[in-house]
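Below: input.cif (mmCIF, C-alpha atoms, pLDDT in the B column; chains and numbers go by the auth columns)
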data_model
#
loop_
_atom_site.group_PDB
_atom_site.id
_atom_site.type_symbol
_atom_site.label_atom_id
_atom_site.label_comp_id
_atom_site.label_asym_id
_atom_site.label_seq_id
_atom_site.Cartn_x
_atom_site.Cartn_y
_atom_site.Cartn_z
_atom_site.B_iso_or_equiv
_atom_site.auth_seq_id
_atom_site.auth_asym_id
ATOM 1 C CA MET A 1 -12.322 -8.477 -2.040 49.00 1307 A
ATOM 2 C CA SER A 2 -15.118 -10.512 -3.461 51.00 1308 A
ATOM 3 C CA SER A 3 -14.251 -13.324 -5.806 56.00 1309 A
ATOM 4 C CA GLN A 4 -16.281 -11.612 -8.548 67.00 1310 A
ATOM 5 C CA SER A 5 -14.479 -8.281 -8.311 79.00 1311 A
ATOM 6 C CA ARG A 6 -11.989 -7.710 -11.109 95.00 1312 A
ATOM 7 C CA GLU A 7 -8.568 -6.501 -10.049 96.00 1313 A
ATOM 8 C CA ALA A 8 -6.229 -4.050 -11.687 97.00 1314 A
ATOM 9 C CA VAL A 9 -2.520 -3.467 -11.164 96.00 1315 A
ATOM 10 C CA LEU A 10 -2.107 -0.181 -9.331 97.00 1316 A
ATOM 11 C CA VAL A 11 1.679 -0.037 -9.307 95.00 1317 A
ATOM 12 C CA ARG A 12 4.796 -2.206 -9.404 92.00 1318 A
ATOM 13 C CA VAL A 13 7.480 -1.536 -6.820 90.00 1319 A
ATOM 14 C CA PRO A 14 10.932 -2.952 -6.071 84.00 1320 A
ATOM 15 C CA GLY A 15 10.845 -5.203 -3.044 78.00 1321 A
ATOM 16 C CA GLY A 16 8.232 -6.579 -0.702 80.00 1322 A
ATOM 17 C CA ILE A 17 8.855 -4.076 2.086 81.00 1323 A
ATOM 18 C CA ASN A 18 7.860 -1.217 -0.214 84.00 1324 A
ATOM 19 C CA ALA A 19 4.763 -3.116 -1.310 89.00 1325 A
ATOM 20 C CA LYS A 20 3.718 -3.930 2.257 91.00 1326 A
ATOM 21 C CA SER A 21 3.757 -0.300 3.328 89.00 1327 A
ATOM 22 C CA ILE A 22 1.682 0.744 0.306 92.00 1328 A
ATOM 23 C CA VAL A 23 -0.823 -2.082 0.781 94.00 1329 A
ATOM 24 C CA MET A 24 -1.247 -1.221 4.460 93.00 1330 A
ATOM 25 C CA SER A 25 -1.701 2.471 3.647 91.00 1331 A
ATOM 26 C CA LEU A 26 -4.379 1.648 1.085 94.00 1332 A
ATOM 27 C CA ARG A 27 -6.172 -0.702 3.473 95.00 1333 A
ATOM 28 C CA GLY A 28 -6.012 1.959 6.176 91.00 1334 A
ATOM 29 C CA ARG A 29 -7.936 4.259 3.839 91.00 1335 A
ATOM 30 C CA GLY A 30 -10.563 1.591 3.167 94.00 1336 A
ATOM 31 C CA ILE A 31 -9.196 0.424 -0.178 96.00 1337 A
ATOM 32 C CA PRO A 32 -8.859 -3.363 -0.457 97.00 1338 A
ATOM 33 C CA ALA A 33 -5.391 -4.181 -1.749 97.00 1339 A
ATOM 34 C CA ARG A 34 -3.002 -7.079 -2.079 96.00 1340 A
ATOM 35 C CA SER A 35 0.518 -7.597 -3.348 94.00 1341 A
ATOM 36 C CA HIS A 36 2.027 -10.336 -5.456 91.00 1342 A
ATOM 37 C CA GLY A 37 5.622 -10.924 -6.454 85.00 1343 A
ATOM 38 C CA GLU A 38 8.113 -13.655 -7.093 75.00 1344 A
ATOM 39 C CA ALA A 39 9.390 -15.367 -3.974 68.00 1345 A
ATOM 40 C CA VAL A 40 12.997 -15.456 -5.156 67.00 1346 A
ATOM 41 C CA GLY A 41 13.310 -11.693 -4.862 64.00 1347 A
ATOM 42 C CA GLU A 42 12.142 -11.747 -1.270 63.00 1348 A
ATOM 43 C CA ILE A 43 14.212 -14.788 -0.338 65.00 1349 A
ATOM 44 C CA PHE A 44 17.457 -13.410 -1.705 66.00 1350 A
ATOM 45 C CA GLY A 45 16.640 -9.714 -1.337 65.00 1351 A
ATOM 46 C CA LEU A 46 17.180 -9.048 -5.024 63.00 1352 A
ATOM 47 C CA THR A 47 15.594 -6.183 -6.917 63.00 1353 A
ATOM 48 C CA LEU A 48 17.544 -6.394 -10.163 67.00 1354 A
ATOM 49 C CA ASP A 49 16.052 -6.097 -13.656 65.00 1355 A
ATOM 50 C CA GLY A 50 12.514 -6.851 -12.498 69.00 1356 A
ATOM 51 C CA LEU A 51 13.548 -9.625 -10.133 72.00 1357 A
ATOM 52 C CA GLY A 52 12.035 -8.837 -6.767 78.00 1358 A
ATOM 53 C CA GLU A 53 9.413 -6.588 -8.321 87.00 1359 A
ATOM 54 C CA VAL A 54 6.071 -6.702 -6.533 90.00 1360 A
ATOM 55 C CA SER A 55 2.722 -5.764 -8.086 94.00 1361 A
ATOM 56 C CA ILE A 56 -0.005 -4.170 -6.016 96.00 1362 A
ATOM 57 C CA PHE A 57 -3.565 -5.003 -7.003 97.00 1363 A
ATOM 58 C CA VAL A 58 -6.815 -3.252 -6.115 97.00 1364 A
ATOM 59 C CA PRO A 59 -10.383 -3.903 -7.269 97.00 1365 A
ATOM 60 C CA GLU A 60 -11.105 -1.975 -10.465 97.00 1366 A
ATOM 61 C CA GLU A 61 -13.773 0.098 -8.735 97.00 1367 A
ATOM 62 C CA TYR A 62 -11.103 1.465 -6.324 97.00 1368 A
ATOM 63 C CA LEU A 63 -8.391 2.056 -8.936 97.00 1369 A
ATOM 64 C CA GLU A 64 -8.858 5.806 -9.434 97.00 1370 A
ATOM 65 C CA GLU A 65 -9.135 6.449 -5.693 95.00 1371 A
ATOM 66 C CA ALA A 66 -5.973 4.407 -5.088 96.00 1372 A
ATOM 67 C CA LYS A 67 -4.093 6.271 -7.851 96.00 1373 A
ATOM 68 C CA ALA A 68 -5.114 9.592 -6.308 93.00 1374 A
ATOM 69 C CA LEU A 69 -3.907 8.427 -2.898 92.00 1375 A
ATOM 70 C CA LEU A 70 -0.513 7.397 -4.322 90.00 1376 A
ATOM 71 C CA ALA A 71 -0.202 10.699 -6.180 91.00 1377 A
ATOM 72 C CA ALA A 72 -0.971 12.636 -2.999 88.00 1378 A
ATOM 73 C CA GLY A 73 1.713 10.657 -1.174 82.00 1379 A
ATOM 74 C CA ASP A 74 4.236 11.327 -3.938 79.00 1380 A
ATOM 75 C CA HIS A 75 3.546 15.048 -3.660 76.00 1381 A
ATOM 76 C CA GLY A 76 3.727 15.057 0.151 71.00 1382 A
ATOM 77 C CA ASP A 77 0.057 15.974 0.470 72.00 1383 A
ATOM 78 C CA LEU A 78 -0.844 13.181 2.891 68.00 1384 A
ATOM 79 C CA LEU A 79 -0.813 14.419 6.430 63.00 1385 A
ATOM 80 C CA LEU A 80 -1.975 12.565 9.523 59.00 1386 A
ATOM 81 C CA SER A 81 -4.326 14.373 11.824 59.00 1387 A
ATOM 82 C CA ASP A 82 -4.877 13.458 15.462 62.00 1388 A
ATOM 83 C CA SER A 83 -8.018 11.579 14.432 61.00 1389 A
ATOM 84 C CA ASP A 84 -5.892 9.355 12.146 58.00 1390 A
ATOM 85 C CA VAL A 85 -3.779 8.121 15.076 58.00 1391 A
ATOM 86 C CA ALA A 86 -5.320 5.741 17.604 57.00 1392 A
ATOM 87 C CA ASP A 87 -5.045 6.697 21.277 54.00 1393 A
ATOM 88 C CA GLU A 88 -2.798 3.706 22.008 54.00 1394 A
ATOM 89 C CA GLU A 89 -0.341 4.950 19.374 51.00 1395 A
ATOM 90 C CA LYS A 90 0.004 8.352 21.042 50.00 1396 A
ATOM 91 C CA PRO A 91 2.779 8.723 23.613 54.00 1397 A
ATOM 92 C CA ASN A 92 1.507 7.600 27.015 52.00 1398 A
ATOM 93 C CA GLY A 93 -2.042 7.517 25.587 50.00 1399 A
ATOM 94 C CA LEU A 94 -2.222 11.314 25.966 49.00 1400 A
ATOM 95 C CA GLU A 95 -3.975 13.653 23.587 51.00 1401 A
ATOM 96 C CA LYS A 96 -1.706 15.863 21.541 43.00 1402 A
#

Show me the file's structure as structure tokens.
Amino acid sequence: MSSQSREAVLVRVPGGINAKSIVMSLRGRGIPARSHGEAVGEIFGLTLDGLGEVSIFVPEEYLEEAKALLAAGDHGDLLLSDSDVADEEKPNGLEK
């Protein structure tokens, strides 16, 4: 993300592990994303009353695309095709 690009909060999720998977999914689709949350939640594993909440940020110009991607995931509309999986991730490097 360029330093001049304004960011918007896409979503807030409980816990860093949830945020990491969303950020990586967005990046995998070409959407720059980052997460930010309080360290105490990650250190102690707490997700109580906002503690441990992590915000996911994307550049404003990607916000609508990112929202659509999250909505598709919530509805189970995101499917991986063979072209989405690298050869080294396929069992024994074989085509499916």

Pick out the residues sitting within 10 Å of Arg1333 of chain A, and hand them over as a list in words; count only C-alpha atoms, and ignore anything fewer than 6 positions along from it in its own chain.
Ser1327, Ala1339, Arg1340, Val1364 and Ala1372 of chain A

Could you write out that same residue set with C-alpha atoms as a compact mmCIF listing (two decimals), in the coordinates of the input?
# COMPACT_ATOMS: atom_id res chain seq x y z
CA SER A 1327 3.76 -0.30 3.33
CA ALA A 1339 -5.39 -4.18 -1.75
CA ARG A 1340 -3.00 -7.08 -2.08
CA VAL A 1364 -6.82 -3.25 -6.12
CA ALA A 1372 -5.97 4.41 -5.09

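Atom CA of His1381 of chain A is positioned 28.5 Å from atom CA of Arg1312 of chain A.
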
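Coordinates place atom CA of Ser1311 of chain A at a distance of 17.0 Å from atom CA of Leu1332 of chain A.
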
Long-range neighbours of Glu1359 of chain A as a compact mmCIF listing (two decimals) with C-alpha atoms, in the frame of the given file, 6 Å cut-off, only C-alpha atoms, 4 positions minimum in chain:
# COMPACT_ATOMS: atom_id res chain seq x y z
CA VAL A 1319 7.48 -1.54 -6.82
CA PRO A 1320 10.93 -2.95 -6.07
CA GLY A 1321 10.84 -5.20 -3.04

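In this structure, atom CA of Leu1376 of chain A sits 16.9 Å away from atom CA of Gly1322 of chain A.
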
Show me, as a PyMOL selection string, the residues that have an atom within 7 Å of Ala1325 of chain A when counting all atoms listed in the file, minus same-chain residues fewer than 5 positions from it.
chain A and resi 1319+1341+1360+1362

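Residue nearest Gly1358 of chain A within the list A:Leu1316, A:Asp1380, A:Ile1323, A:Lys1373: A:Ile1323 [criterion: smallest interatomic distance, all atoms listed in the file].
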
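Minimum atom-to-atom distance to Gly1379 of chain A, evaluated using all atoms listed in the file, belongs to A:Ser1331 out of A:Phe1363, A:Gly1343, A:Leu1357, A:Ser1331.
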
Go ahead and fit an axis-aligned box to every listed atom of segment 1356-1372 of chain A plus 8 Å each side, and pass me the centre and edge lengths in Å, one decimal, as lines of an AutoDock Vina configuration file.
center_x = -0.1
center_y = -1.6
center_z = -8.8
size_x = 43.3
size_y = 32.1
size_z = 23.4

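Residues with any atom within 6 Å of Ser1361 of chain A, counting only C-alpha atoms and excluding same-chain neighbours fewer than 5 positions away, are A:Val1317, A:Arg1318, A:Ser1341, A:His1342.
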